[in-house]
>>> print(open('coords.cif').read())   # mmCIF, N, CA and C atoms
data_my_file
loop_
_atom_site.label_atom_id
_atom_site.label_comp_id
_atom_site.auth_asym_id
_atom_site.auth_seq_id
_atom_site.Cartn_x
_atom_site.Cartn_y
_atom_site.Cartn_z
N MET A 1 -21.19 -2.60 -17.57
CA MET A 1 -21.34 -3.77 -16.76
C MET A 1 -21.12 -4.99 -17.65
N GLU A 2 -20.36 -5.93 -17.18
CA GLU A 2 -20.10 -7.14 -17.94
C GLU A 2 -20.86 -8.30 -17.31
N LEU A 3 -21.58 -9.04 -18.14
CA LEU A 3 -22.36 -10.18 -17.67
C LEU A 3 -21.65 -11.47 -18.08
N PRO A 4 -21.74 -12.50 -17.25
CA PRO A 4 -21.03 -13.75 -17.56
C PRO A 4 -21.66 -14.50 -18.73
N GLU A 5 -20.84 -15.29 -19.41
CA GLU A 5 -21.32 -16.14 -20.51
C GLU A 5 -22.35 -17.15 -20.02
N SER A 6 -22.34 -17.47 -18.73
CA SER A 6 -23.26 -18.46 -18.18
C SER A 6 -24.66 -17.90 -17.95
N LEU A 7 -24.91 -16.64 -18.31
CA LEU A 7 -26.23 -16.04 -18.15
C LEU A 7 -27.27 -16.88 -18.90
N LEU A 8 -28.31 -17.31 -18.20
CA LEU A 8 -29.31 -18.19 -18.79
C LEU A 8 -30.50 -17.46 -19.39
N THR A 9 -30.90 -16.34 -18.82
CA THR A 9 -32.09 -15.67 -19.30
C THR A 9 -32.10 -14.21 -18.87
N VAL A 10 -32.89 -13.43 -19.60
CA VAL A 10 -33.16 -12.04 -19.25
C VAL A 10 -34.65 -11.84 -19.43
N PHE A 11 -35.32 -11.30 -18.43
CA PHE A 11 -36.74 -11.00 -18.56
C PHE A 11 -37.06 -9.82 -17.66
N SER A 12 -38.17 -9.18 -17.93
CA SER A 12 -38.63 -8.06 -17.11
C SER A 12 -39.79 -8.51 -16.24
N ALA A 13 -39.81 -8.02 -15.01
CA ALA A 13 -40.90 -8.35 -14.09
C ALA A 13 -41.01 -7.24 -13.06
N LYS A 14 -42.20 -7.10 -12.48
CA LYS A 14 -42.43 -6.13 -11.43
C LYS A 14 -42.27 -6.81 -10.08
N VAL A 15 -41.78 -6.06 -9.10
CA VAL A 15 -41.72 -6.55 -7.73
C VAL A 15 -43.10 -6.30 -7.12
N GLU A 16 -43.71 -7.36 -6.62
CA GLU A 16 -45.03 -7.27 -5.98
C GLU A 16 -44.89 -7.61 -4.50
N HIS A 17 -45.87 -7.24 -3.73
CA HIS A 17 -45.88 -7.60 -2.32
C HIS A 17 -47.00 -8.61 -2.09
N ARG A 18 -46.65 -9.77 -1.53
CA ARG A 18 -47.62 -10.81 -1.20
C ARG A 18 -47.34 -11.28 0.22
N GLY A 19 -48.36 -11.18 1.04
CA GLY A 19 -48.19 -11.62 2.42
C GLY A 19 -47.10 -10.85 3.14
N GLY A 20 -46.90 -9.60 2.77
CA GLY A 20 -45.89 -8.77 3.42
C GLY A 20 -44.48 -8.97 2.92
N ALA A 21 -44.28 -9.84 1.92
CA ALA A 21 -42.94 -10.09 1.38
C ALA A 21 -42.87 -9.66 -0.08
N PRO A 22 -41.73 -9.11 -0.51
CA PRO A 22 -41.58 -8.77 -1.92
C PRO A 22 -41.41 -10.05 -2.75
N VAL A 23 -42.06 -10.08 -3.92
CA VAL A 23 -42.04 -11.26 -4.79
C VAL A 23 -41.79 -10.84 -6.23
N VAL A 24 -40.90 -11.56 -6.91
CA VAL A 24 -40.70 -11.40 -8.35
C VAL A 24 -41.08 -12.73 -8.98
N GLU A 25 -42.05 -12.70 -9.88
CA GLU A 25 -42.56 -13.92 -10.49
C GLU A 25 -41.77 -14.25 -11.75
N LEU A 26 -41.32 -15.50 -11.85
CA LEU A 26 -40.61 -15.99 -13.02
C LEU A 26 -41.63 -16.33 -14.11
N PRO A 27 -41.47 -15.79 -15.33
CA PRO A 27 -42.43 -16.11 -16.39
C PRO A 27 -42.42 -17.62 -16.71
N GLN A 28 -43.59 -18.20 -16.92
CA GLN A 28 -43.71 -19.63 -17.21
C GLN A 28 -42.89 -20.03 -18.43
N ARG A 29 -42.78 -19.13 -19.42
CA ARG A 29 -42.03 -19.45 -20.64
C ARG A 29 -40.56 -19.77 -20.35
N GLU A 30 -40.02 -19.22 -19.25
CA GLU A 30 -38.63 -19.50 -18.91
C GLU A 30 -38.46 -20.95 -18.46
N LEU A 31 -39.50 -21.53 -17.89
CA LEU A 31 -39.46 -22.95 -17.53
C LEU A 31 -39.80 -23.82 -18.73
N ASP A 32 -40.74 -23.37 -19.56
CA ASP A 32 -41.17 -24.16 -20.72
C ASP A 32 -40.11 -24.21 -21.80
N LEU A 33 -39.47 -23.07 -22.09
CA LEU A 33 -38.56 -22.98 -23.22
C LEU A 33 -37.12 -22.71 -22.83
N GLY A 34 -36.89 -22.31 -21.61
CA GLY A 34 -35.55 -21.93 -21.17
C GLY A 34 -34.79 -23.08 -20.54
N GLU A 35 -33.69 -22.73 -19.92
CA GLU A 35 -32.82 -23.72 -19.30
C GLU A 35 -33.06 -23.84 -17.80
N LEU A 36 -34.09 -23.15 -17.29
CA LEU A 36 -34.36 -23.17 -15.86
C LEU A 36 -35.25 -24.35 -15.49
N GLN A 37 -35.03 -24.86 -14.29
CA GLN A 37 -35.79 -26.01 -13.80
C GLN A 37 -36.44 -25.65 -12.46
N ALA A 38 -37.71 -26.00 -12.30
CA ALA A 38 -38.40 -25.78 -11.04
C ALA A 38 -37.68 -26.54 -9.93
N GLY A 39 -37.58 -25.93 -8.76
CA GLY A 39 -36.94 -26.57 -7.63
C GLY A 39 -35.44 -26.34 -7.53
N GLU A 40 -34.81 -25.79 -8.56
CA GLU A 40 -33.38 -25.51 -8.54
C GLU A 40 -33.14 -24.10 -8.02
N SER A 41 -31.92 -23.80 -7.60
CA SER A 41 -31.55 -22.47 -7.12
C SER A 41 -30.70 -21.76 -8.17
N TYR A 42 -30.91 -20.45 -8.32
CA TYR A 42 -30.19 -19.64 -9.29
C TYR A 42 -29.81 -18.31 -8.67
N ARG A 43 -28.75 -17.71 -9.15
CA ARG A 43 -28.39 -16.35 -8.75
C ARG A 43 -29.23 -15.40 -9.58
N ILE A 44 -29.78 -14.40 -8.95
CA ILE A 44 -30.66 -13.45 -9.61
C ILE A 44 -30.04 -12.05 -9.52
N ALA A 45 -29.98 -11.33 -10.62
CA ALA A 45 -29.53 -9.94 -10.63
C ALA A 45 -30.74 -9.06 -10.90
N VAL A 46 -30.76 -7.90 -10.30
CA VAL A 46 -31.88 -6.97 -10.48
C VAL A 46 -31.34 -5.65 -10.99
N PHE A 47 -31.93 -5.16 -12.08
CA PHE A 47 -31.54 -3.89 -12.67
C PHE A 47 -32.77 -2.99 -12.72
N PRO A 48 -32.60 -1.70 -12.57
CA PRO A 48 -33.76 -0.81 -12.68
C PRO A 48 -34.26 -0.78 -14.12
N GLN A 49 -35.56 -0.54 -14.28
CA GLN A 49 -36.14 -0.40 -15.62
C GLN A 49 -35.49 0.81 -16.28
N PRO A 50 -35.04 0.69 -17.54
CA PRO A 50 -34.44 1.84 -18.22
C PRO A 50 -35.43 2.99 -18.32
N GLU A 51 -34.91 4.20 -18.34
CA GLU A 51 -35.75 5.38 -18.52
C GLU A 51 -36.51 5.25 -19.83
N THR A 52 -37.67 5.86 -19.93
CA THR A 52 -38.46 5.81 -21.15
C THR A 52 -37.75 6.61 -22.22
N SER A 53 -37.14 5.90 -23.16
CA SER A 53 -36.46 6.53 -24.29
C SER A 53 -36.29 5.50 -25.38
N THR A 54 -35.77 5.90 -26.51
CA THR A 54 -35.61 4.97 -27.62
C THR A 54 -34.31 4.19 -27.51
N GLU A 55 -33.38 4.64 -26.64
CA GLU A 55 -32.12 3.93 -26.50
C GLU A 55 -31.86 3.62 -25.05
N SER A 56 -31.13 2.54 -24.81
CA SER A 56 -30.77 2.16 -23.45
C SER A 56 -29.29 1.85 -23.41
N THR A 57 -28.64 2.17 -22.30
CA THR A 57 -27.23 1.83 -22.17
C THR A 57 -27.05 0.48 -21.52
N ASP A 58 -28.12 -0.10 -20.94
CA ASP A 58 -28.04 -1.43 -20.34
C ASP A 58 -28.30 -2.47 -21.42
N GLU A 59 -27.21 -3.05 -21.95
CA GLU A 59 -27.35 -4.02 -23.01
C GLU A 59 -26.74 -5.34 -22.58
N ALA A 60 -27.38 -6.43 -22.94
CA ALA A 60 -26.85 -7.76 -22.64
C ALA A 60 -25.71 -8.08 -23.61
N PRO A 61 -24.75 -8.91 -23.23
CA PRO A 61 -23.64 -9.24 -24.11
C PRO A 61 -24.09 -10.15 -25.24
N ARG A 62 -23.33 -10.16 -26.33
CA ARG A 62 -23.62 -11.02 -27.45
C ARG A 62 -22.75 -12.25 -27.39
N ARG A 63 -23.27 -13.38 -27.90
CA ARG A 63 -22.47 -14.60 -27.93
C ARG A 63 -21.42 -14.54 -29.03
N ASP A 64 -21.70 -13.81 -30.10
CA ASP A 64 -20.70 -13.62 -31.14
C ASP A 64 -20.93 -12.28 -31.82
N ASP A 65 -20.02 -11.88 -32.68
CA ASP A 65 -20.07 -10.55 -33.29
C ASP A 65 -21.23 -10.36 -34.25
N GLN A 66 -21.86 -11.43 -34.72
CA GLN A 66 -22.97 -11.31 -35.67
C GLN A 66 -24.27 -10.90 -34.98
N ARG A 67 -24.35 -11.05 -33.68
CA ARG A 67 -25.61 -10.78 -32.98
C ARG A 67 -25.57 -9.43 -32.31
N ARG A 68 -26.68 -8.71 -32.41
CA ARG A 68 -26.80 -7.40 -31.78
C ARG A 68 -27.04 -7.54 -30.29
N SER A 69 -26.53 -6.57 -29.55
CA SER A 69 -26.88 -6.49 -28.14
C SER A 69 -28.34 -6.08 -28.05
N ARG A 70 -28.95 -6.32 -26.90
CA ARG A 70 -30.35 -5.95 -26.75
C ARG A 70 -30.59 -5.36 -25.38
N ASN A 71 -31.63 -4.57 -25.30
CA ASN A 71 -32.09 -4.18 -23.97
C ASN A 71 -33.34 -5.00 -23.72
N THR A 72 -33.98 -4.79 -22.57
CA THR A 72 -35.08 -5.67 -22.21
C THR A 72 -36.35 -5.44 -23.01
N SER A 73 -36.41 -4.38 -23.84
CA SER A 73 -37.64 -4.11 -24.57
C SER A 73 -37.54 -4.44 -26.05
N GLU A 74 -36.40 -4.89 -26.54
CA GLU A 74 -36.25 -5.20 -27.95
C GLU A 74 -35.72 -6.62 -28.14
N PRO A 75 -36.22 -7.32 -29.16
CA PRO A 75 -35.66 -8.64 -29.45
C PRO A 75 -34.23 -8.49 -29.98
N PRO A 76 -33.38 -9.51 -29.81
CA PRO A 76 -32.00 -9.43 -30.27
C PRO A 76 -31.85 -9.67 -31.77
N VAL A 77 -32.96 -9.93 -32.47
CA VAL A 77 -32.94 -10.15 -33.92
C VAL A 77 -34.04 -9.32 -34.57
N GLU A 78 -33.90 -9.10 -35.88
CA GLU A 78 -34.92 -8.38 -36.65
C GLU A 78 -35.37 -9.25 -37.82
N GLU A 79 -36.58 -9.02 -38.29
CA GLU A 79 -37.06 -9.73 -39.47
C GLU A 79 -36.11 -9.45 -40.63
N GLY A 80 -35.76 -10.50 -41.37
CA GLY A 80 -34.85 -10.39 -42.50
C GLY A 80 -33.39 -10.61 -42.13
N GLU A 81 -33.07 -10.58 -40.84
CA GLU A 81 -31.70 -10.80 -40.40
C GLU A 81 -31.31 -12.26 -40.56
N GLN A 82 -30.06 -12.49 -40.89
CA GLN A 82 -29.54 -13.85 -41.00
C GLN A 82 -28.57 -14.10 -39.85
N CYS A 83 -28.64 -15.29 -39.27
CA CYS A 83 -27.71 -15.65 -38.21
C CYS A 83 -27.52 -17.16 -38.18
N GLU A 84 -26.40 -17.58 -37.63
CA GLU A 84 -26.11 -19.00 -37.50
C GLU A 84 -26.58 -19.46 -36.12
N VAL A 85 -27.29 -20.58 -36.09
CA VAL A 85 -27.81 -21.10 -34.83
C VAL A 85 -27.55 -22.60 -34.74
N GLU A 86 -27.60 -23.11 -33.52
CA GLU A 86 -27.55 -24.54 -33.29
C GLU A 86 -28.87 -24.95 -32.65
N ILE A 87 -29.50 -25.96 -33.19
CA ILE A 87 -30.78 -26.43 -32.66
C ILE A 87 -30.52 -27.22 -31.38
N GLU A 88 -31.13 -26.74 -30.28
CA GLU A 88 -30.89 -27.32 -28.96
C GLU A 88 -32.00 -28.25 -28.49
N ASP A 89 -33.19 -28.10 -29.10
CA ASP A 89 -34.34 -28.87 -28.63
C ASP A 89 -35.36 -28.90 -29.76
N VAL A 90 -36.42 -29.68 -29.60
CA VAL A 90 -37.51 -29.72 -30.56
C VAL A 90 -38.80 -29.44 -29.80
N GLY A 91 -39.60 -28.50 -30.32
CA GLY A 91 -40.84 -28.11 -29.66
C GLY A 91 -41.97 -29.08 -29.90
N GLU A 92 -43.09 -28.83 -29.25
CA GLU A 92 -44.26 -29.70 -29.35
C GLU A 92 -44.79 -29.82 -30.77
N GLN A 93 -44.62 -28.78 -31.59
CA GLN A 93 -45.10 -28.80 -32.97
C GLN A 93 -44.06 -29.39 -33.93
N GLY A 94 -42.90 -29.81 -33.41
CA GLY A 94 -41.87 -30.44 -34.24
C GLY A 94 -40.82 -29.48 -34.77
N ASP A 95 -40.95 -28.18 -34.47
CA ASP A 95 -39.95 -27.22 -34.92
C ASP A 95 -38.71 -27.29 -34.04
N GLY A 96 -37.54 -27.08 -34.66
CA GLY A 96 -36.31 -26.98 -33.90
C GLY A 96 -36.33 -25.71 -33.06
N ILE A 97 -35.67 -25.75 -31.91
CA ILE A 97 -35.58 -24.60 -31.02
C ILE A 97 -34.12 -24.24 -30.85
N ALA A 98 -33.80 -22.99 -31.19
CA ALA A 98 -32.45 -22.46 -30.98
C ALA A 98 -32.57 -21.26 -30.05
N ARG A 99 -31.46 -20.85 -29.49
CA ARG A 99 -31.46 -19.66 -28.64
C ARG A 99 -30.46 -18.66 -29.18
N VAL A 100 -30.88 -17.41 -29.19
CA VAL A 100 -30.03 -16.31 -29.60
C VAL A 100 -29.90 -15.42 -28.38
N GLY A 101 -28.74 -15.38 -27.79
CA GLY A 101 -28.58 -14.61 -26.56
C GLY A 101 -29.28 -15.32 -25.42
N PRO A 102 -29.25 -14.73 -24.25
CA PRO A 102 -29.84 -15.39 -23.09
C PRO A 102 -31.37 -15.43 -23.14
N GLY A 103 -31.92 -16.63 -23.24
CA GLY A 103 -33.36 -16.79 -23.11
C GLY A 103 -34.22 -16.47 -24.31
N TYR A 104 -33.66 -15.96 -25.42
CA TYR A 104 -34.47 -15.62 -26.58
C TYR A 104 -34.55 -16.83 -27.50
N VAL A 105 -35.75 -17.30 -27.78
CA VAL A 105 -35.98 -18.54 -28.52
C VAL A 105 -36.28 -18.25 -29.99
N VAL A 106 -35.69 -19.07 -30.88
CA VAL A 106 -35.97 -19.00 -32.31
C VAL A 106 -36.47 -20.38 -32.74
N PHE A 107 -37.67 -20.42 -33.31
CA PHE A 107 -38.25 -21.67 -33.82
C PHE A 107 -37.87 -21.83 -35.28
N VAL A 108 -37.32 -23.01 -35.62
CA VAL A 108 -36.85 -23.28 -36.97
C VAL A 108 -37.45 -24.59 -37.47
N PRO A 109 -38.42 -24.52 -38.41
CA PRO A 109 -39.04 -25.74 -38.91
C PRO A 109 -38.04 -26.65 -39.64
N GLU A 110 -38.35 -27.93 -39.66
CA GLU A 110 -37.60 -28.94 -40.39
C GLU A 110 -36.15 -29.04 -39.97
N THR A 111 -35.90 -28.90 -38.68
CA THR A 111 -34.56 -29.08 -38.13
C THR A 111 -34.65 -30.02 -36.94
N ASP A 112 -33.49 -30.52 -36.52
CA ASP A 112 -33.45 -31.46 -35.40
C ASP A 112 -32.31 -31.07 -34.47
N VAL A 113 -32.33 -31.61 -33.27
CA VAL A 113 -31.31 -31.32 -32.27
C VAL A 113 -29.92 -31.59 -32.86
N GLY A 114 -29.02 -30.62 -32.68
CA GLY A 114 -27.65 -30.75 -33.17
C GLY A 114 -27.41 -30.10 -34.51
N ASP A 115 -28.47 -29.81 -35.27
CA ASP A 115 -28.29 -29.13 -36.57
C ASP A 115 -27.67 -27.76 -36.34
N ARG A 116 -26.68 -27.40 -37.13
CA ARG A 116 -26.10 -26.05 -37.15
C ARG A 116 -26.45 -25.47 -38.51
N VAL A 117 -27.27 -24.44 -38.49
CA VAL A 117 -27.78 -23.89 -39.75
C VAL A 117 -27.74 -22.36 -39.72
N THR A 118 -27.70 -21.79 -40.91
CA THR A 118 -27.87 -20.35 -41.05
C THR A 118 -29.33 -20.12 -41.37
N VAL A 119 -29.96 -19.22 -40.63
CA VAL A 119 -31.39 -18.97 -40.79
C VAL A 119 -31.63 -17.51 -41.12
N GLU A 120 -32.80 -17.26 -41.69
CA GLU A 120 -33.28 -15.90 -41.87
C GLU A 120 -34.51 -15.73 -41.00
N ILE A 121 -34.52 -14.70 -40.19
CA ILE A 121 -35.64 -14.43 -39.28
C ILE A 121 -36.83 -13.98 -40.12
N THR A 122 -37.95 -14.69 -40.00
CA THR A 122 -39.15 -14.34 -40.75
C THR A 122 -40.16 -13.56 -39.92
N LYS A 123 -40.11 -13.74 -38.58
CA LYS A 123 -41.01 -13.01 -37.70
C LYS A 123 -40.33 -12.90 -36.33
N ALA A 124 -40.19 -11.67 -35.83
CA ALA A 124 -39.56 -11.45 -34.53
C ALA A 124 -40.57 -10.84 -33.56
N GLN A 125 -40.75 -11.49 -32.42
CA GLN A 125 -41.62 -11.02 -31.35
C GLN A 125 -40.74 -10.62 -30.16
N ASP A 126 -41.36 -10.12 -29.09
CA ASP A 126 -40.59 -9.71 -27.92
C ASP A 126 -39.77 -10.85 -27.32
N ASN A 127 -40.34 -12.06 -27.24
CA ASN A 127 -39.68 -13.16 -26.53
C ASN A 127 -39.29 -14.35 -27.41
N TYR A 128 -39.66 -14.32 -28.68
CA TYR A 128 -39.34 -15.44 -29.56
C TYR A 128 -39.40 -14.98 -31.01
N ALA A 129 -38.84 -15.81 -31.90
CA ALA A 129 -38.86 -15.51 -33.33
C ALA A 129 -39.07 -16.81 -34.11
N PHE A 130 -39.47 -16.65 -35.36
CA PHE A 130 -39.55 -17.76 -36.30
C PHE A 130 -38.52 -17.50 -37.40
N ALA A 131 -37.93 -18.57 -37.92
CA ALA A 131 -36.90 -18.42 -38.94
C ALA A 131 -36.98 -19.58 -39.92
N GLU A 132 -36.40 -19.37 -41.10
CA GLU A 132 -36.29 -20.41 -42.12
C GLU A 132 -34.82 -20.68 -42.39
N VAL A 133 -34.49 -21.96 -42.65
CA VAL A 133 -33.12 -22.33 -42.97
C VAL A 133 -32.77 -21.81 -44.35
N ILE A 134 -31.62 -21.14 -44.45
CA ILE A 134 -31.15 -20.69 -45.76
C ILE A 134 -29.83 -21.35 -46.14
N GLU A 135 -29.14 -21.95 -45.12
CA GLU A 135 -27.88 -22.61 -45.39
C GLU A 135 -27.61 -23.60 -44.27
N GLY A 136 -27.07 -24.76 -44.62
CA GLY A 136 -26.76 -25.76 -43.60
C GLY A 136 -27.39 -27.08 -43.96
N GLU A 137 -27.39 -27.97 -43.01
CA GLU A 137 -27.94 -29.31 -43.24
C GLU A 137 -29.10 -29.57 -42.30
N PRO A 138 -30.28 -29.05 -42.66
CA PRO A 138 -31.45 -29.32 -41.82
C PRO A 138 -31.91 -30.76 -41.97
N LEU A 139 -32.80 -31.16 -41.09
CA LEU A 139 -33.36 -32.50 -41.07
C LEU A 139 -33.92 -32.92 -42.42
N SER A 140 -34.58 -32.01 -43.13
CA SER A 140 -35.22 -32.36 -44.39
C SER A 140 -34.24 -32.38 -45.56
N GLY A 141 -33.02 -31.91 -45.36
CA GLY A 141 -32.06 -31.81 -46.47
C GLY A 141 -31.05 -32.85 -46.36
#
>>> encode(input="coords.cif", output="structure tokens")
Amino acid sequence: MELPESLLTVFSAKVEHRGGAPVVELPQRELDLGELQAGESYRIAVFPQPETSTESTDEAPRRDDQRRSRNTSEPPVEEGEQCEVEIEDVGEQGDGIARVGPGYVVFVPETDVGDRVTVEITKAQDNYAFAEVIEGEPLSG
């Protein structure tokens, strides 16, 4: 299956029934850190949860050859991995915010919007990672 470059986010959610209607709840982090806006309309695709195994054939596309594909249960980066990112926003704590693949956020200290830097991932979680600049022109340099 091929997904469009315009894909904004990937997340897992359960279908619940409320008031007799099926409901899928959008995680708050997608509004806080993602490109989605409350009150706007979006196309939604639904995929079945992959079978319980260590590998999945449902992988999201990569923006470039340096980034690994991911399934919904693994982050698209690993600790120690190096990748080039562009800082798109600045978080409440002052860290730069970059995105790797659809919806996955990487926090990069001492950077500003527009910085293009090579980073090393220092901590990778399910929905976000922290990284340090190893090459480029960060705000402090």
>>> residues_around(input="coords.cif", residues="stretch 28-44 of chain A", least_positions_apart="4", cutoff="8 Å", atoms="all atoms listed in the file", output="PDB file with N, CA and C atoms, keeping the file's coordinate frame")
ATOM      1  N   LEU A   8     -28.310 -17.310 -18.200  1.00  0.00           N
ATOM      2  CA  LEU A   8     -29.310 -18.190 -18.790  1.00  0.00           C
ATOM      3  C   LEU A   8     -30.500 -17.460 -19.390  1.00  0.00           C
ATOM      4  N   THR A   9     -30.900 -16.340 -18.820  1.00  0.00           N
ATOM      5  CA  THR A   9     -32.090 -15.670 -19.300  1.00  0.00           C
ATOM      6  C   THR A   9     -32.100 -14.210 -18.870  1.00  0.00           C
ATOM      7  N   PRO A 102     -29.250 -14.730 -24.250  1.00  0.00           N
ATOM      8  CA  PRO A 102     -29.840 -15.390 -23.090  1.00  0.00           C
ATOM      9  C   PRO A 102     -31.370 -15.430 -23.140  1.00  0.00           C
ATOM     10  N   GLY A 103     -31.920 -16.630 -23.240  1.00  0.00           N
ATOM     11  CA  GLY A 103     -33.360 -16.790 -23.110  1.00  0.00           C
ATOM     12  C   GLY A 103     -34.220 -16.470 -24.310  1.00  0.00           C
ATOM     13  N   TYR A 104     -33.660 -15.960 -25.420  1.00  0.00           N
ATOM     14  CA  TYR A 104     -34.470 -15.620 -26.580  1.00  0.00           C
ATOM     15  C   TYR A 104     -34.550 -16.830 -27.500  1.00  0.00           C
ATOM     16  N   VAL A 105     -35.750 -17.300 -27.780  1.00  0.00           N
ATOM     17  CA  VAL A 105     -35.980 -18.540 -28.520  1.00  0.00           C
ATOM     18  C   VAL A 105     -36.280 -18.250 -29.990  1.00  0.00           C
TER      19      VAL A 105
END
>>> atom_distance(input="coords.cif", atom1="atom CA of A:Tyr128", atom2="atom CA of A:Pro22")
28.5 Å
>>> atom_distance(input="coords.cif", atom1="atom C of A:Val113", atom2="atom N of A:Ile87")
5.7 Å
>>> resolve_selection(input="coords.cif", expression="the PyMOL selection byres ((chain A and resi 78) around 7)", output="PyMOL selection string")
chain A and resi 75-77+79-82+121-124
>>> write_last_selection(input="coords.cif", atoms="N, CA and C atoms", output="short mmCIF file (atom, residue, chain, number, x, y, z; two decimals), in the frame of the given file")
data_model
loop_
_atom_site.label_atom_id
_atom_site.label_comp_id
_atom_site.auth_asym_id
_atom_site.auth_seq_id
_atom_site.Cartn_x
_atom_site.Cartn_y
_atom_site.Cartn_z
N PRO A 75 -36.22 -7.32 -29.16
CA PRO A 75 -35.66 -8.64 -29.45
C PRO A 75 -34.23 -8.49 -29.98
N PRO A 76 -33.38 -9.51 -29.81
CA PRO A 76 -32.00 -9.43 -30.27
C PRO A 76 -31.85 -9.67 -31.77
N VAL A 77 -32.96 -9.93 -32.47
CA VAL A 77 -32.94 -10.15 -33.92
C VAL A 77 -34.04 -9.32 -34.57
N GLU A 79 -36.58 -9.02 -38.29
CA GLU A 79 -37.06 -9.73 -39.47
C GLU A 79 -36.11 -9.45 -40.63
N GLY A 80 -35.76 -10.50 -41.37
CA GLY A 80 -34.85 -10.39 -42.50
C GLY A 80 -33.39 -10.61 -42.13
N GLU A 81 -33.07 -10.58 -40.84
CA GLU A 81 -31.70 -10.80 -40.40
C GLU A 81 -31.31 -12.26 -40.56
N GLN A 82 -30.06 -12.49 -40.89
CA GLN A 82 -29.54 -13.85 -41.00
C GLN A 82 -28.57 -14.10 -39.85
N ILE A 121 -34.52 -14.70 -40.19
CA ILE A 121 -35.64 -14.43 -39.28
C ILE A 121 -36.83 -13.98 -40.12
N THR A 122 -37.95 -14.69 -40.00
CA THR A 122 -39.15 -14.34 -40.75
C THR A 122 -40.16 -13.56 -39.92
N LYS A 123 -40.11 -13.74 -38.58
CA LYS A 123 -41.01 -13.01 -37.70
C LYS A 123 -40.33 -12.90 -36.33
N ALA A 124 -40.19 -11.67 -35.83
CA ALA A 124 -39.56 -11.45 -34.53
C ALA A 124 -40.57 -10.84 -33.56
#
>>> closest_residue(input="coords.cif", among="A:Val15, A:Ala131, A:Val85, A:Val90", to="A:Pro109", atoms="all atoms listed in the file")
A:Ala131
>>> closest_residue(input="coords.cif", among="A:Gly94, A:Val106, A:Asp89, A:Gly101", to="A:Leu7", atoms="only N, CA and C atoms")
A:Gly101
>>> axis_aligned_box(input="coords.cif", around="stretch 125-132 of chain A", padding_each_side="3 Å", output="AutoDock Vina command-line options")
--center_x -38.2 --center_y -15.2 --center_z -34.5 --size_x 12.8 --size_y 17.0 --size_z 21.9
>>> atom_distance(input="coords.cif", atom1="atom N of A:Val46", atom2="atom CA of A:Gly19")
21.9 Å
>>> residues_around(input="coords.cif", residues="A:Val133", least_positions_apart="4", cutoff="6 Å", atoms="all atoms listed in the file", output="list in words")
Thr118, Val119 and Glu120 of chain A
>>> closest_residue(input="coords.cif", among="A:Glu25, A:Glu132, A:Glu84, A:Asp95", to="A:Ser12", atoms="all atoms listed in the file")
A:Glu25
>>> residues_around(input="coords.cif", residues="A:Lys14", least_positions_apart="2", cutoff="8 Å", atoms="only N, CA and C atoms", output="mmCIF file with N, CA and C atoms, keeping the file's coordinate frame")
data_model
loop_
_atom_site.group_PDB
_atom_site.id
_atom_site.type_symbol
_atom_site.label_atom_id
_atom_site.label_comp_id
_atom_site.auth_asym_id
_atom_site.auth_seq_id
_atom_site.Cartn_x
_atom_site.Cartn_y
_atom_site.Cartn_z
ATOM 1 N N PHE A 11 -35.320 -11.300 -18.430
ATOM 2 C CA PHE A 11 -36.740 -11.000 -18.560
ATOM 3 C C PHE A 11 -37.060 -9.820 -17.660
ATOM 4 N N SER A 12 -38.170 -9.180 -17.930
ATOM 5 C CA SER A 12 -38.630 -8.060 -17.110
ATOM 6 C C SER A 12 -39.790 -8.510 -16.240
ATOM 7 N N GLU A 16 -43.710 -7.360 -6.620
ATOM 8 C CA GLU A 16 -45.030 -7.270 -5.980
ATOM 9 C C GLU A 16 -44.890 -7.610 -4.500
ATOM 10 N N HIS A 17 -45.870 -7.240 -3.730
ATOM 11 C CA HIS A 17 -45.880 -7.600 -2.320
ATOM 12 C C HIS A 17 -47.000 -8.610 -2.090
ATOM 13 N N VAL A 23 -42.060 -10.080 -3.920
ATOM 14 C CA VAL A 23 -42.040 -11.260 -4.790
ATOM 15 C C VAL A 23 -41.790 -10.840 -6.230
ATOM 16 N N VAL A 24 -40.900 -11.560 -6.910
ATOM 17 C CA VAL A 24 -40.700 -11.400 -8.350
ATOM 18 C C VAL A 24 -41.080 -12.730 -8.980
ATOM 19 N N GLU A 25 -42.050 -12.700 -9.880
ATOM 20 C CA GLU A 25 -42.560 -13.920 -10.490
ATOM 21 C C GLU A 25 -41.770 -14.250 -11.750
#
>>> closest_residue(input="coords.cif", among="A:Val100, A:Asn127, A:Gly91, A:Ala13", to="A:Asp112", atoms="only C-alpha atoms")
A:Gly91
>>> decode(input="coords.cif", residues="stretch 81-94 of chain A", atoms="C-alpha atoms", output="PDB file, in the first residue's frame")
ATOM      1  CA  GLU A  81      20.830   7.009  15.244  1.00  0.00           C
ATOM      2  CA  GLN A  82      21.831  10.117  13.320  1.00  0.00           C
ATOM      3  CA  CYS A  83      19.457  11.930  10.985  1.00  0.00           C
ATOM      4  CA  GLU A  84      19.049  15.320   9.345  1.00  0.00           C
ATOM      5  CA  VAL A  85      16.049  17.345  10.492  1.00  0.00           C
ATOM      6  CA  GLU A  86      14.548  20.781   9.999  1.00  0.00           C
ATOM      7  CA  ILE A  87      13.229  22.585  13.064  1.00  0.00           C
ATOM      8  CA  GLU A  88       9.573  23.435  12.407  1.00  0.00           C
ATOM      9  CA  ASP A  89       8.505  24.889  15.746  1.00  0.00           C
ATOM     10  CA  VAL A  90       9.715  25.683  19.273  1.00  0.00           C
ATOM     11  CA  GLY A  91       8.165  23.980  22.300  1.00  0.00           C
ATOM     12  CA  GLU A  92       7.113  25.487  25.614  1.00  0.00           C
ATOM     13  CA  GLN A  93      10.493  24.604  27.172  1.00  0.00           C
ATOM     14  CA  GLY A  94      12.386  26.336  24.315  1.00  0.00           C
TER      15      GLY A  94
END
